[in-house]
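Participant: Quick one: structure below, then a few questions.
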Amino acid sequence: QLDTLHYRRAMERFKASLSNTTREFKQFNDKMNVASTSRFTQGLKSLQSGFIGIQGPLGGISTRISAFSSLMNSGVGAVGAFAAGVVVAGYGIYKFGQQMLQAGVATQKFIQMFQAVTGKVAESEASLRKVTQIARLTGQTIESLAPSFARFNIAAKDTGLSGKEITREFTVLAQAAGKLQLPAEQSEGIFRALEQMLSKGTVQAEELRGQLGDRLPGAFNIAARAMGVTTQELNKMMKAGEVITVDFLPKFISELQKTLNIDPSKPIKNYTA
């Protein structure tokens, strides 16, 4: 049960944040420029923080507002309508009204997609939160990452990889794509190649040399170094079905991170996403 005092204070923070957000929305409508957009986005972040202290049925709205903020920056939906919808969401407390906005529709679609994977609302909210964080860290968009993250989790299910390992591997792949300034469709191709490896259970030349190698420069050499063998030896191992994906993937991800000098703590600016 909610602690009454804790709940009251959290709601007071939310009301104060909502007041600031509403004011920034009005200023945005008045000026309609980049600076106003930035201030409104900051208002969303403040609004999000106001919900963090609230548990129970209202807790998930922090995740949704966070995703809304990222979708706002990526240009999903009409800006004015989106902003109005967020204000309505705050006053309605988790009810977004009759006119679902494009950003709201996208967020709800992702929630439902992750729920189909996890089977639980709380876990789907957590998955959306992870994708939002990965998007901000890697310079990718939520729209491009969410479907790939869902498929990646499905492919990795029952492989023995932990949720933490799956998220780490996906994040490093997204960071690599961002650092190499790969377009969204090329990044998606990288994820699909790894998804197929996970689904098949073994690494085959078709995915490693073809699908992955065509999209991620140097992938085959990175794979050989990760396994501690030459490229010729790696070819023989793949033909014999000796490269098991769950053993290969963590080694490949670590070598990729080392090769591209990826710092997990530093955000990457992607100009092509």
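Residues in the structure tokens are numbered from 1 in each chain, the chains being A, B, ... in the order shown, and ligands are numbered from 1 in the order shown.
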Tell me which protein, DNA and RNA residues are within 7 Å of Ala155 in chain A, counting only C-alpha atoms, leaving out same-chain ones fewer than 2 positions away, and put them as a PyMOL selection string.
Facilitator: chain A and resi 151-153+157+195+198-199
Participant: Please identify which residues in range 204-271 of chain A DSSP calls alpha helix (DSSP H) from the backbone, and express them as a PyMOL selection string.
Facilitator: chain A and resi 205+213-215+219-227+231-239+245-259
Participant: Determine, using only C-alpha atoms, which residues of range 121-239 of chain A have any atom at most 10 Å from an atom of range 252-260 of chain A, and tabulate each with its shortest atom pair and distance in Å to one decimal place, rows ordered by chain and then rising number, as JSON lines.
Facilitator:
```
{"residue": "A:Arg168", "atom": "CA", "partner": "A:Ile253", "partner_atom": "CA", "distance": 8.8}
{"residue": "A:Glu169", "atom": "CA", "partner": "A:Ile253", "partner_atom": "CA", "distance": 6.1}
{"residue": "A:Phe170", "atom": "CA", "partner": "A:Ile253", "partner_atom": "CA", "distance": 8.9}
{"residue": "A:Thr171", "atom": "CA", "partner": "A:Ile253", "partner_atom": "CA", "distance": 9.7}
{"residue": "A:Val172", "atom": "CA", "partner": "A:Gln257", "partner_atom": "CA", "distance": 6.7}
{"residue": "A:Leu173", "atom": "CA", "partner": "A:Ile253", "partner_atom": "CA", "distance": 7.4}
{"residue": "A:Gln175", "atom": "CA", "partner": "A:Gln257", "partner_atom": "CA", "distance": 8.7}
{"residue": "A:Ala176", "atom": "CA", "partner": "A:Leu260", "partner_atom": "CA", "distance": 7.1}
{"residue": "A:Lys179", "atom": "CA", "partner": "A:Leu260", "partner_atom": "CA", "distance": 8.0}
{"residue": "A:Leu180", "atom": "CA", "partner": "A:Leu260", "partner_atom": "CA", "distance": 8.8}
{"residue": "A:Gly218", "atom": "CA", "partner": "A:Leu256", "partner_atom": "CA", "distance": 9.5}
{"residue": "A:Ala219", "atom": "CA", "partner": "A:Leu256", "partner_atom": "CA", "distance": 8.2}
{"residue": "A:Phe220", "atom": "CA", "partner": "A:Phe252", "partner_atom": "CA", "distance": 9.8}
{"residue": "A:Ile222", "atom": "CA", "partner": "A:Glu255", "partner_atom": "CA", "distance": 6.4}
{"residue": "A:Ala223", "atom": "CA", "partner": "A:Phe252", "partner_atom": "CA", "distance": 5.6}
{"residue": "A:Ala224", "atom": "CA", "partner": "A:Phe252", "partner_atom": "CA", "distance": 8.6}
{"residue": "A:Arg225", "atom": "CA", "partner": "A:Glu255", "partner_atom": "CA", "distance": 7.3}
{"residue": "A:Ala226", "atom": "CA", "partner": "A:Phe252", "partner_atom": "CA", "distance": 5.2}
{"residue": "A:Met227", "atom": "CA", "partner": "A:Phe252", "partner_atom": "CA", "distance": 7.7}
```
Participant: Report the distance between CA of Phe248 in chain A and CA of Ala184 in chain A in Å, rounded to one decimal place.
Facilitator: 24.9 Å
Participant: Closest to Gly228 in chain A among A:Ile190, A:Lys251, A:Gln108, A:Ser127, using only C-alpha atoms?
Facilitator: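 With only C-alpha atoms as the atom set, the closest residue is A:Lys251.
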Participant: Could you check how far CA of Arg209 in chain A sits from CA of Leu194 in chain A, in Å to one decimal?
Facilitator: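 Calculated distance between CA of Arg209 in chain A and CA of Leu194 in chain A is 11.9 Å.
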